[in-house]
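Shown below: target.cif, with mmCIF, C-alpha atoms.
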```
data_entry
#
loop_
_atom_site.group_PDB
_atom_site.id
_atom_site.type_symbol
_atom_site.label_atom_id
_atom_site.label_comp_id
_atom_site.auth_asym_id
_atom_site.auth_seq_id
_atom_site.Cartn_x
_atom_site.Cartn_y
_atom_site.Cartn_z
ATOM 1 C CA ALA A 1007 107.265 97.177 73.032
ATOM 2 C CA GLN A 1008 107.480 98.509 76.535
ATOM 3 C CA LYS A 1009 108.911 96.615 79.394
ATOM 4 C CA VAL A 1010 110.170 97.098 82.919
ATOM 5 C CA THR A 1011 112.741 94.715 84.325
ATOM 6 C CA GLN A 1012 113.560 94.354 87.977
ATOM 7 C CA ALA A 1013 116.175 91.655 87.870
ATOM 8 C CA GLN A 1014 116.567 91.386 91.639
ATOM 9 C CA THR A 1015 113.824 89.132 92.916
ATOM 10 C CA GLU A 1016 114.806 89.351 96.553
ATOM 11 C CA ILE A 1017 117.404 91.258 98.544
ATOM 12 C CA SER A 1018 118.283 90.765 102.195
ATOM 13 C CA VAL A 1019 120.293 93.279 104.171
ATOM 14 C CA VAL A 1020 121.031 94.027 107.766
ATOM 15 C CA GLU A 1021 119.750 97.224 109.295
ATOM 16 C CA LYS A 1022 121.806 100.343 108.527
ATOM 17 C CA GLU A 1023 123.181 98.922 105.312
ATOM 18 C CA ASP A 1024 122.635 100.844 102.094
ATOM 19 C CA VAL A 1025 120.758 98.999 99.372
ATOM 20 C CA THR A 1026 120.072 99.748 95.717
ATOM 21 C CA LEU A 1027 117.108 98.367 93.823
ATOM 22 C CA ASP A 1028 117.590 98.209 90.078
ATOM 23 C CA CYS A 1029 115.036 99.110 87.435
ATOM 24 C CA VAL A 1030 115.675 98.916 83.693
ATOM 25 C CA TYR A 1031 112.997 99.959 81.241
ATOM 26 C CA GLU A 1032 112.396 99.685 77.513
ATOM 27 C CA THR A 1033 110.446 102.170 75.460
ATOM 28 C CA ARG A 1034 110.700 103.831 72.069
ATOM 29 C CA ASP A 1035 108.900 106.926 73.226
ATOM 30 C CA THR A 1036 110.689 110.176 73.915
ATOM 31 C CA THR A 1037 108.134 111.220 76.525
ATOM 32 C CA TYR A 1038 107.360 108.824 79.311
ATOM 33 C CA TYR A 1039 107.040 108.649 83.070
ATOM 34 C CA LEU A 1040 108.668 106.414 85.626
ATOM 35 C CA PHE A 1041 107.325 105.529 89.039
ATOM 36 C CA TRP A 1042 108.328 103.651 92.156
ATOM 37 C CA TYR A 1043 105.790 102.128 94.525
ATOM 38 C CA LYS A 1044 106.249 100.339 97.831
ATOM 39 C CA GLN A 1045 104.075 97.416 98.891
ATOM 40 C CA PRO A 1046 104.569 96.658 102.594
ATOM 41 C CA PRO A 1047 103.426 93.368 104.132
ATOM 42 C CA SER A 1048 99.999 94.885 104.798
ATOM 43 C CA GLY A 1049 99.475 94.897 101.031
ATOM 44 C CA GLU A 1050 98.677 98.455 100.034
ATOM 45 C CA LEU A 1051 100.617 100.238 97.315
ATOM 46 C CA VAL A 1052 102.352 103.385 98.431
ATOM 47 C CA PHE A 1053 103.467 105.949 95.873
ATOM 48 C CA LEU A 1054 107.114 106.969 96.268
ATOM 49 C CA ILE A 1055 108.135 108.991 93.228
ATOM 50 C CA ARG A 1056 107.231 110.005 89.679
ATOM 51 C CA ARG A 1057 109.832 111.159 87.179
ATOM 52 C CA ASN A 1058 109.326 112.367 83.615
ATOM 53 C CA SER A 1059 111.722 111.510 80.836
ATOM 54 C CA PHE A 1060 112.929 115.090 80.429
ATOM 55 C CA ASP A 1061 114.096 115.419 83.982
ATOM 56 C CA GLU A 1062 117.283 113.497 84.584
ATOM 57 C CA GLN A 1063 118.102 115.146 87.862
ATOM 58 C CA ASN A 1064 118.611 112.714 90.647
ATOM 59 C CA GLU A 1065 116.306 113.111 93.579
ATOM 60 C CA ILE A 1066 116.790 112.655 97.275
ATOM 61 C CA SER A 1067 114.049 112.397 99.849
ATOM 62 C CA GLY A 1068 115.355 111.638 103.282
ATOM 63 C CA ARG A 1069 116.972 108.213 103.177
ATOM 64 C CA TYR A 1070 115.616 107.563 99.689
ATOM 65 C CA SER A 1071 117.338 108.582 96.479
ATOM 66 C CA TRP A 1072 116.730 107.869 92.833
ATOM 67 C CA ASN A 1073 119.224 107.761 89.984
ATOM 68 C CA PHE A 1074 117.680 108.251 86.538
ATOM 69 C CA GLN A 1075 120.006 107.566 83.601
ATOM 70 C CA LYS A 1076 118.500 107.690 80.132
ATOM 71 C CA SER A 1077 121.733 106.479 78.583
ATOM 72 C CA THR A 1078 121.293 103.117 80.280
ATOM 73 C CA SER A 1079 117.469 103.232 80.532
ATOM 74 C CA SER A 1080 117.674 102.802 84.253
ATOM 75 C CA PHE A 1081 115.863 104.319 87.198
ATOM 76 C CA ASN A 1082 117.486 102.873 90.289
ATOM 77 C CA PHE A 1083 116.363 103.385 93.848
ATOM 78 C CA THR A 1084 118.712 103.550 96.815
ATOM 79 C CA ILE A 1085 117.804 103.336 100.470
ATOM 80 C CA THR A 1086 120.500 104.667 102.766
ATOM 81 C CA ALA A 1087 120.845 103.286 106.271
ATOM 82 C CA SER A 1088 118.030 100.793 105.779
ATOM 83 C CA GLN A 1089 115.561 100.110 108.563
ATOM 84 C CA VAL A 1090 113.336 97.159 109.330
ATOM 85 C CA VAL A 1091 110.304 99.231 108.310
ATOM 86 C CA ASP A 1092 111.742 99.399 104.794
ATOM 87 C CA SER A 1093 110.963 95.702 104.385
ATOM 88 C CA ALA A 1094 108.515 95.526 101.500
ATOM 89 C CA VAL A 1095 108.154 94.705 97.844
ATOM 90 C CA TYR A 1096 109.189 97.610 95.652
ATOM 91 C CA PHE A 1097 107.775 98.053 92.166
ATOM 92 C CA CYS A 1098 109.105 100.161 89.353
ATOM 93 C CA ALA A 1099 106.605 101.207 86.668
ATOM 94 C CA LEU A 1100 106.536 102.993 83.312
ATOM 95 C CA SER A 1101 103.828 104.908 81.493
ATOM 96 C CA LYS A 1102 103.800 106.420 78.034
ATOM 97 C CA SER A 1103 102.725 109.975 77.409
ATOM 98 C CA ASN A 1104 99.748 109.004 75.269
ATOM 99 C CA THR A 1105 98.321 106.228 77.392
ATOM 100 C CA ASP A 1106 97.201 105.886 80.943
ATOM 101 C CA LYS A 1107 98.446 102.393 81.593
ATOM 102 C CA LEU A 1108 101.241 101.700 84.003
ATOM 103 C CA ILE A 1109 103.537 98.851 83.092
ATOM 104 C CA PHE A 1110 104.966 97.303 86.210
ATOM 105 C CA GLY A 1111 108.089 95.317 86.815
ATOM 106 C CA THR A 1112 107.792 92.098 88.767
ATOM 107 C CA GLY A 1113 108.997 93.758 91.942
ATOM 108 C CA THR A 1114 111.942 93.337 94.306
ATOM 109 C CA ARG A 1115 111.303 91.972 97.764
ATOM 110 C CA LEU A 1116 113.531 93.728 100.282
ATOM 111 C CA GLN A 1117 114.029 92.204 103.687
ATOM 112 C CA VAL A 1118 115.843 94.247 106.289
ATOM 113 C CA PHE A 1119 116.936 92.295 109.328
ATOM 114 C CA PRO A 1120 117.637 93.873 112.702
ATOM 115 C CA ASN B 562 90.770 109.427 104.837
ATOM 116 C CA ALA B 563 90.966 111.140 101.488
ATOM 117 C CA GLY B 564 92.697 108.249 99.745
ATOM 118 C CA VAL B 565 91.422 105.721 97.255
ATOM 119 C CA MET B 566 88.917 103.543 99.087
ATOM 120 C CA GLN B 567 88.341 99.934 98.160
ATOM 121 C CA ASN B 568 85.997 97.406 99.624
ATOM 122 C CA PRO B 569 85.773 94.724 100.553
ATOM 123 C CA ARG B 570 89.349 94.252 101.606
ATOM 124 C CA HIS B 571 88.998 90.494 101.532
ATOM 125 C CA LEU B 572 86.384 88.462 99.724
ATOM 126 C CA VAL B 573 85.887 84.723 99.555
ATOM 127 C CA ARG B 574 83.717 83.251 96.845
ATOM 128 C CA ARG B 575 82.902 79.721 95.775
ATOM 129 C CA ARG B 576 83.466 78.739 92.176
ATOM 130 C CA GLY B 577 80.590 79.941 90.030
ATOM 131 C CA GLN B 578 79.579 82.830 92.275
ATOM 132 C CA GLU B 579 79.874 86.508 91.454
ATOM 133 C CA ALA B 580 82.392 88.904 92.958
ATOM 134 C CA ARG B 581 81.836 92.643 93.119
ATOM 135 C CA LEU B 582 84.661 94.935 94.083
ATOM 136 C CA ARG B 583 84.071 98.609 94.771
ATOM 137 C CA CYS B 584 86.347 101.591 94.468
ATOM 138 C CA SER B 585 85.867 105.228 95.406
ATOM 139 C CA PRO B 586 88.558 107.445 93.896
ATOM 140 C CA MET B 587 90.349 110.192 95.721
ATOM 141 C CA LYS B 588 88.390 113.397 96.051
ATOM 142 C CA GLY B 589 88.677 115.417 92.887
ATOM 143 C CA HIS B 590 89.924 112.505 90.789
ATOM 144 C CA SER B 591 87.967 111.647 87.689
ATOM 145 C CA HIS B 592 90.040 108.758 86.358
ATOM 146 C CA VAL B 593 89.842 105.244 87.744
ATOM 147 C CA TYR B 594 92.011 102.258 86.896
ATOM 148 C CA TRP B 595 91.821 98.622 87.889
ATOM 149 C CA TYR B 596 94.878 96.399 88.114
ATOM 150 C CA ARG B 597 95.240 92.751 89.028
ATOM 151 C CA GLN B 598 98.113 91.244 90.965
ATOM 152 C CA LEU B 599 98.441 87.494 90.761
ATOM 153 C CA PRO B 600 100.428 85.777 93.525
ATOM 154 C CA GLU B 601 104.137 86.586 93.363
ATOM 155 C CA GLU B 602 103.675 88.746 90.271
ATOM 156 C CA GLY B 603 103.596 92.417 89.420
ATOM 157 C CA LEU B 604 100.460 94.352 88.701
ATOM 158 C CA LYS B 605 98.772 94.056 85.325
ATOM 159 C CA PHE B 606 96.530 96.732 83.888
ATOM 160 C CA MET B 607 92.918 95.735 83.379
ATOM 161 C CA VAL B 608 90.750 98.754 82.598
ATOM 162 C CA TYR B 609 90.674 102.537 82.658
ATOM 163 C CA LEU B 610 87.443 104.431 83.192
ATOM 164 C CA GLN B 611 86.165 107.936 83.492
ATOM 165 C CA LYS B 612 82.686 108.769 84.705
ATOM 166 C CA GLU B 613 80.203 106.761 82.626
ATOM 167 C CA ASN B 614 82.874 105.845 80.087
ATOM 168 C CA ILE B 615 85.246 102.960 79.565
ATOM 169 C CA ILE B 616 88.336 104.473 78.000
ATOM 170 C CA ASP B 617 90.604 101.446 77.708
ATOM 171 C CA GLU B 618 89.694 97.885 78.558
ATOM 172 C CA SER B 619 92.506 96.209 76.701
ATOM 173 C CA GLY B 620 93.628 94.327 79.808
ATOM 174 C CA MET B 621 90.240 92.894 80.707
ATOM 175 C CA PRO B 622 89.584 89.220 80.102
ATOM 176 C CA LYS B 623 87.044 88.877 77.306
ATOM 177 C CA GLU B 624 84.527 86.965 79.349
ATOM 178 C CA ARG B 625 83.083 87.187 82.854
ATOM 179 C CA PHE B 626 84.759 90.496 83.730
ATOM 180 C CA SER B 627 83.145 93.905 83.512
ATOM 181 C CA ALA B 628 83.711 97.328 85.002
ATOM 182 C CA GLU B 629 81.712 100.478 85.379
ATOM 183 C CA PHE B 630 82.126 103.928 86.839
ATOM 184 C CA PRO B 631 78.650 105.464 87.087
ATOM 185 C CA LYS B 632 77.866 109.133 87.335
ATOM 186 C CA GLU B 633 77.112 108.660 91.000
ATOM 187 C CA GLY B 634 78.764 106.168 93.285
ATOM 188 C CA PRO B 635 81.880 104.050 93.219
ATOM 189 C CA SER B 636 83.482 102.208 90.369
ATOM 190 C CA ILE B 637 82.590 98.501 90.333
ATOM 191 C CA LEU B 638 84.654 95.614 89.032
ATOM 192 C CA ARG B 639 82.407 92.627 88.530
ATOM 193 C CA ILE B 640 83.562 89.078 88.014
ATOM 194 C CA GLN B 641 80.880 86.581 87.122
ATOM 195 C CA GLN B 642 81.119 82.815 87.612
ATOM 196 C CA VAL B 643 84.448 83.051 89.367
ATOM 197 C CA VAL B 644 87.065 80.351 88.910
ATOM 198 C CA ARG B 645 90.101 79.532 91.043
ATOM 199 C CA GLY B 646 92.362 81.383 88.617
ATOM 200 C CA ASP B 647 90.584 84.624 89.492
ATOM 201 C CA SER B 648 92.092 84.499 92.976
ATOM 202 C CA ALA B 649 94.261 87.599 93.129
ATOM 203 C CA ALA B 650 94.574 91.058 94.594
ATOM 204 C CA TYR B 651 92.621 93.659 92.671
ATOM 205 C CA PHE B 652 93.864 97.183 92.995
ATOM 206 C CA CYS B 653 91.993 100.318 92.128
ATOM 207 C CA ALA B 654 93.826 103.543 91.391
ATOM 208 C CA SER B 655 92.799 107.072 90.581
ATOM 209 C CA SER B 656 94.331 110.182 89.102
ATOM 210 C CA PRO B 657 93.299 113.760 88.448
ATOM 211 C CA LEU B 658 91.903 115.099 85.185
ATOM 212 C CA GLY B 659 94.361 114.333 82.438
ATOM 213 C CA GLY B 660 95.283 110.962 83.802
ATOM 214 C CA ALA B 661 98.671 109.333 83.843
ATOM 215 C CA SER B 662 99.345 110.291 80.240
ATOM 216 C CA SER B 663 99.569 113.900 81.369
ATOM 217 C CA GLY B 664 102.142 112.989 83.930
ATOM 218 C CA ASN B 665 99.778 112.889 86.866
ATOM 219 C CA THR B 666 100.532 110.582 89.713
ATOM 220 C CA ILE B 667 98.347 107.535 90.044
ATOM 221 C CA TYR B 668 97.375 106.715 93.609
ATOM 222 C CA PHE B 669 96.378 103.212 94.564
ATOM 223 C CA GLY B 670 93.926 101.877 97.075
ATOM 224 C CA GLU B 671 94.693 99.166 99.592
ATOM 225 C CA GLY B 672 93.516 96.410 97.300
ATOM 226 C CA SER B 673 90.795 93.789 97.454
ATOM 227 C CA TRP B 674 91.964 90.221 97.924
ATOM 228 C CA LEU B 675 89.708 87.731 96.204
ATOM 229 C CA THR B 676 89.954 84.075 97.127
ATOM 230 C CA VAL B 677 87.964 81.547 95.130
ATOM 231 C CA VAL B 678 87.412 78.235 96.870
#
```

Here is a file; write its structure as structure tokens.
Amino acid sequence: AQKVTQAQTEISVVEKEDVTLDCVYETRDTTYYLFWYKQPPSGELVFLIRRNSFDEQNEISGRYSWNFQKSTSSFNFTITASQVVDSAVYFCALSKSNTDKLIFGTGTRLQVFP
Amino acid sequence: NAGVMQNPRHLVRRRGQEARLRCSPMKGHSHVYWYRQLPEEGLKFMVYLQKENIIDESGMPKERFSAEFPKEGPSILRIQQVVRGDSAAYFCASSPLGGASSGNTIYFGEGSWLTVV
């Protein structure tokens, strides 16, 4: 069975703090893909990153960074120096190589206060 | 705007009416997906379509729900005889040839919020 767990339901931080959103996944496949999406208060889903299971390099994009560790089945997302505009619900998702479904976690609501 | 286009953005229907949600994929994308987001929950897969074909509808409720992606025009998600439990956000997504299983990114539209009163 495949599953994505985002254990943190809600996180509140003050602006400029660093924050890490956890994502743990379950799959028996050797080839799979992991995604992060952002859902701001306006409701749309914004793609942030896609990572395949063979690429364990961490990635940094501006204030965003992702830590992929197959040994712990985790794909965590860190925002450095958070800003109010980062306030959103963040979803982690998993897809298998032989299917086109995305399996989403339940999301983590991040609130950044000024 | 070359993104995934959904309309209407908000739709209110009375119980028993029909709801039609439309989705135009990104230019060049041939794969369309529909997901449903119930309040305070994550997104759940409903159906995956290519032009004129339903590839995977394992997430679709057995009754009242249908989807199509005709040769011409947008993909349509149709909900007949709506009930209050159908109130949710319905997201359409698209990807290039090969779909997500080939590692392509799936891009989502802005969602259609259905409220059944």

* To do: Decode the PyMOL selection byres ((chain B) within 12 of (chain A)) for the given file into explicit residues and return them as number ranges by chain.
  => B: 564-567, 570-571, 592-611, 616-620, 649-674

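We find atom CA of Thr1078 of chain A and atom CA of Gln1014 of chain A to be spaced 17.0 Å apart.
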
* To do: Give me the residues within 7 Å of Asn1082 of chain A as a ChimeraX atom specification, counting only C-alpha atoms and dropping any in the same chain fewer than 4 places off.
  => /A:1026-1029,1072-1074

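For the atom pair formed by atom CA of Ala1013 of chain A and atom CA of Lys1076 of chain A, the distance is 18.0 Å, given to one decimal.
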
* Could you pull the residues within 12 Å of Gln1089 of chain A, counting all atoms listed in the file, minus those fewer than 5 positions along the same chain, as a VMD selection string? -> chain A and resid 1018 to 1025 1069 to 1070 1094 1116 to 1120

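Considering only C-alpha atoms, the residue among A:Pro1046, A:Ser1067, A:Ser1079, A:Asp1092 positioned nearest to Val1010 of chain A is A:Ser1079.
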
Within 10 Å of (117.0, 105.3, 79.1) (coordinates as in the file), grab all the protein and nucleic acid residues, counting all atoms listed in the file, and write them out as a compact mmCIF listing (two decimals) with C-alpha atoms, in the frame of the given file.
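File point34.txt, as written:
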```
# COMPACT_ATOMS: atom_id res chain seq x y z
CA VAL A 1030 115.68 98.92 83.69
CA TYR A 1031 113.00 99.96 81.24
CA GLU A 1032 112.40 99.68 77.51
CA THR A 1033 110.45 102.17 75.46
CA ARG A 1034 110.70 103.83 72.07
CA THR A 1036 110.69 110.18 73.92
CA SER A 1059 111.72 111.51 80.84
CA GLU A 1062 117.28 113.50 84.58
CA PHE A 1074 117.68 108.25 86.54
CA GLN A 1075 120.01 107.57 83.60
CA LYS A 1076 118.50 107.69 80.13
CA SER A 1077 121.73 106.48 78.58
CA THR A 1078 121.29 103.12 80.28
CA SER A 1079 117.47 103.23 80.53
CA SER A 1080 117.67 102.80 84.25
CA PHE A 1081 115.86 104.32 87.20
```

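Atom CA of Gln1063 of chain A sits 19.1 Å away from atom CA of Asp1035 of chain A.
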
* What do you get, as a PyMOL selection string, if you spell out every residue that the PyMOL selection byres ((chain B and resi 624) around 10) selects here? -> chain B and resi 621-623+625-627+640-642

Padded axis-aligned box of segment 672-675 of chain B (4 Å per side), centre and edge lengths, Å, one decimal, as AutoDock Vina command-line options:
```
--center_x 91.6 --center_y 92.1 --center_z 97.1 --size_x 11.8 --size_y 16.7 --size_z 9.7
```

* Val643 of chain B environment, 6 Å, all atoms listed in the file, sequence neighbours closer than 5 positions dropped, as number ranges by chain -> B: 576-578

Subset file as a PDB file, in the first residue's frame: segment 569-593 of chain B, N, CA, C and O atoms:
```
ATOM      1  N   PRO B 569     -16.688  26.715 -13.686  1.00  0.00           N
ATOM      2  CA  PRO B 569     -16.602  27.963 -12.949  1.00  0.00           C
ATOM      3  C   PRO B 569     -15.694  27.843 -11.732  1.00  0.00           C
ATOM      4  O   PRO B 569     -15.382  26.741 -11.294  1.00  0.00           O
ATOM      5  N   ARG B 570     -15.313  28.926 -11.194  1.00  0.00           N
ATOM      6  CA  ARG B 570     -14.488  28.917  -9.993  1.00  0.00           C
ATOM      7  C   ARG B 570     -15.328  28.556  -8.765  1.00  0.00           C
ATOM      8  O   ARG B 570     -14.887  27.835  -7.892  1.00  0.00           O
ATOM      9  N   HIS B 571     -16.531  29.060  -8.755  1.00  0.00           N
ATOM     10  CA  HIS B 571     -17.458  28.757  -7.668  1.00  0.00           C
ATOM     11  C   HIS B 571     -18.815  28.426  -8.276  1.00  0.00           C
ATOM     12  O   HIS B 571     -19.250  29.086  -9.214  1.00  0.00           O
ATOM     13  N   LEU B 572     -19.439  27.417  -7.714  1.00  0.00           N
ATOM     14  CA  LEU B 572     -20.728  26.963  -8.232  1.00  0.00           C
ATOM     15  C   LEU B 572     -21.598  26.576  -7.051  1.00  0.00           C
ATOM     16  O   LEU B 572     -21.171  25.835  -6.166  1.00  0.00           O
ATOM     17  N   VAL B 573     -22.817  27.079  -7.064  1.00  0.00           N
ATOM     18  CA  VAL B 573     -23.784  26.712  -6.030  1.00  0.00           C
ATOM     19  C   VAL B 573     -24.923  25.966  -6.695  1.00  0.00           C
ATOM     20  O   VAL B 573     -25.477  26.431  -7.698  1.00  0.00           O
ATOM     21  N   ARG B 574     -25.251  24.816  -6.156  1.00  0.00           N
ATOM     22  CA  ARG B 574     -26.341  24.019  -6.687  1.00  0.00           C
ATOM     23  C   ARG B 574     -27.246  23.571  -5.545  1.00  0.00           C
ATOM     24  O   ARG B 574     -26.787  23.336  -4.417  1.00  0.00           O
ATOM     25  N   ARG B 575     -28.523  23.443  -5.851  1.00  0.00           N
ATOM     26  CA  ARG B 575     -29.463  22.881  -4.890  1.00  0.00           C
ATOM     27  C   ARG B 575     -29.407  21.359  -5.010  1.00  0.00           C
ATOM     28  O   ARG B 575     -29.085  20.816  -6.077  1.00  0.00           O
ATOM     29  N   ARG B 576     -29.740  20.710  -3.926  1.00  0.00           N
ATOM     30  CA  ARG B 576     -29.782  19.246  -3.932  1.00  0.00           C
ATOM     31  C   ARG B 576     -30.650  18.753  -5.085  1.00  0.00           C
ATOM     32  O   ARG B 576     -31.743  19.279  -5.314  1.00  0.00           O
ATOM     33  N   GLY B 577     -30.142  17.778  -5.810  1.00  0.00           N
ATOM     34  CA  GLY B 577     -30.883  17.201  -6.920  1.00  0.00           C
ATOM     35  C   GLY B 577     -30.545  17.794  -8.282  1.00  0.00           C
ATOM     36  O   GLY B 577     -30.875  17.194  -9.314  1.00  0.00           O
ATOM     37  N   GLN B 578     -29.878  18.933  -8.283  1.00  0.00           N
ATOM     38  CA  GLN B 578     -29.484  19.542  -9.560  1.00  0.00           C
ATOM     39  C   GLN B 578     -28.209  18.890 -10.096  1.00  0.00           C
ATOM     40  O   GLN B 578     -27.578  18.065  -9.434  1.00  0.00           O
ATOM     41  N   GLU B 579     -27.831  19.312 -11.276  1.00  0.00           N
ATOM     42  CA  GLU B 579     -26.609  18.806 -11.902  1.00  0.00           C
ATOM     43  C   GLU B 579     -25.522  19.868 -11.829  1.00  0.00           C
ATOM     44  O   GLU B 579     -25.791  21.058 -11.933  1.00  0.00           O
ATOM     45  N   ALA B 580     -24.292  19.402 -11.650  1.00  0.00           N
ATOM     46  CA  ALA B 580     -23.141  20.309 -11.670  1.00  0.00           C
ATOM     47  C   ALA B 580     -22.213  19.875 -12.792  1.00  0.00           C
ATOM     48  O   ALA B 580     -21.946  18.674 -12.966  1.00  0.00           O
ATOM     49  N   ARG B 581     -21.780  20.855 -13.566  1.00  0.00           N
ATOM     50  CA  ARG B 581     -20.809  20.577 -14.636  1.00  0.00           C
ATOM     51  C   ARG B 581     -19.591  21.452 -14.425  1.00  0.00           C
ATOM     52  O   ARG B 581     -19.700  22.678 -14.396  1.00  0.00           O
ATOM     53  N   LEU B 582     -18.453  20.814 -14.342  1.00  0.00           N
ATOM     54  CA  LEU B 582     -17.204  21.530 -14.128  1.00  0.00           C
ATOM     55  C   LEU B 582     -16.321  21.311 -15.349  1.00  0.00           C
ATOM     56  O   LEU B 582     -16.199  20.183 -15.841  1.00  0.00           O
ATOM     57  N   ARG B 583     -15.713  22.389 -15.811  1.00  0.00           N
ATOM     58  CA  ARG B 583     -14.943  22.324 -17.056  1.00  0.00           C
ATOM     59  C   ARG B 583     -13.470  22.568 -16.798  1.00  0.00           C
ATOM     60  O   ARG B 583     -13.091  23.323 -15.896  1.00  0.00           O
ATOM     61  N   CYS B 584     -12.657  21.943 -17.628  1.00  0.00           N
ATOM     62  CA  CYS B 584     -11.212  22.042 -17.465  1.00  0.00           C
ATOM     63  C   CYS B 584     -10.526  22.026 -18.828  1.00  0.00           C
ATOM     64  O   CYS B 584     -10.726  21.094 -19.618  1.00  0.00           O
ATOM     65  N   SER B 585      -9.740  23.057 -19.083  1.00  0.00           N
ATOM     66  CA  SER B 585      -8.903  23.081 -20.279  1.00  0.00           C
ATOM     67  C   SER B 585      -7.461  22.887 -19.853  1.00  0.00           C
ATOM     68  O   SER B 585      -6.944  23.686 -19.060  1.00  0.00           O
ATOM     69  N   PRO B 586      -6.808  21.836 -20.340  1.00  0.00           N
ATOM     70  CA  PRO B 586      -5.441  21.563 -19.902  1.00  0.00           C
ATOM     71  C   PRO B 586      -4.472  22.603 -20.445  1.00  0.00           C
ATOM     72  O   PRO B 586      -4.803  23.414 -21.305  1.00  0.00           O
ATOM     73  N   MET B 587      -3.279  22.549 -19.911  1.00  0.00           N
ATOM     74  CA  MET B 587      -2.218  23.412 -20.427  1.00  0.00           C
ATOM     75  C   MET B 587      -1.963  23.076 -21.887  1.00  0.00           C
ATOM     76  O   MET B 587      -2.131  21.936 -22.314  1.00  0.00           O
ATOM     77  N   LYS B 588      -1.523  24.062 -22.621  1.00  0.00           N
ATOM     78  CA  LYS B 588      -1.238  23.871 -24.039  1.00  0.00           C
ATOM     79  C   LYS B 588      -0.199  22.765 -24.200  1.00  0.00           C
ATOM     80  O   LYS B 588       0.833  22.763 -23.517  1.00  0.00           O
ATOM     81  N   GLY B 589      -0.515  21.830 -25.077  1.00  0.00           N
ATOM     82  CA  GLY B 589       0.431  20.752 -25.329  1.00  0.00           C
ATOM     83  C   GLY B 589       0.269  19.552 -24.414  1.00  0.00           C
ATOM     84  O   GLY B 589       0.918  18.525 -24.604  1.00  0.00           O
ATOM     85  N   HIS B 590      -0.600  19.669 -23.415  1.00  0.00           N
ATOM     86  CA  HIS B 590      -0.823  18.552 -22.497  1.00  0.00           C
ATOM     87  C   HIS B 590      -1.979  17.693 -22.987  1.00  0.00           C
ATOM     88  O   HIS B 590      -3.033  18.199 -23.354  1.00  0.00           O
ATOM     89  N   SER B 591      -1.767  16.395 -22.923  1.00  0.00           N
ATOM     90  CA  SER B 591      -2.786  15.480 -23.435  1.00  0.00           C
ATOM     91  C   SER B 591      -3.409  14.627 -22.335  1.00  0.00           C
ATOM     92  O   SER B 591      -4.258  13.783 -22.621  1.00  0.00           O
ATOM     93  N   HIS B 592      -2.955  14.828 -21.107  1.00  0.00           N
ATOM     94  CA  HIS B 592      -3.457  14.027 -19.992  1.00  0.00           C
ATOM     95  C   HIS B 592      -4.178  14.941 -19.011  1.00  0.00           C
ATOM     96  O   HIS B 592      -3.641  15.982 -18.637  1.00  0.00           O
ATOM     97  N   VAL B 593      -5.364  14.543 -18.622  1.00  0.00           N
ATOM     98  CA  VAL B 593      -6.146  15.328 -17.673  1.00  0.00           C
ATOM     99  C   VAL B 593      -6.534  14.452 -16.489  1.00  0.00           C
ATOM    100  O   VAL B 593      -6.871  13.280 -16.655  1.00  0.00           O
TER     101      VAL B 593
END
```
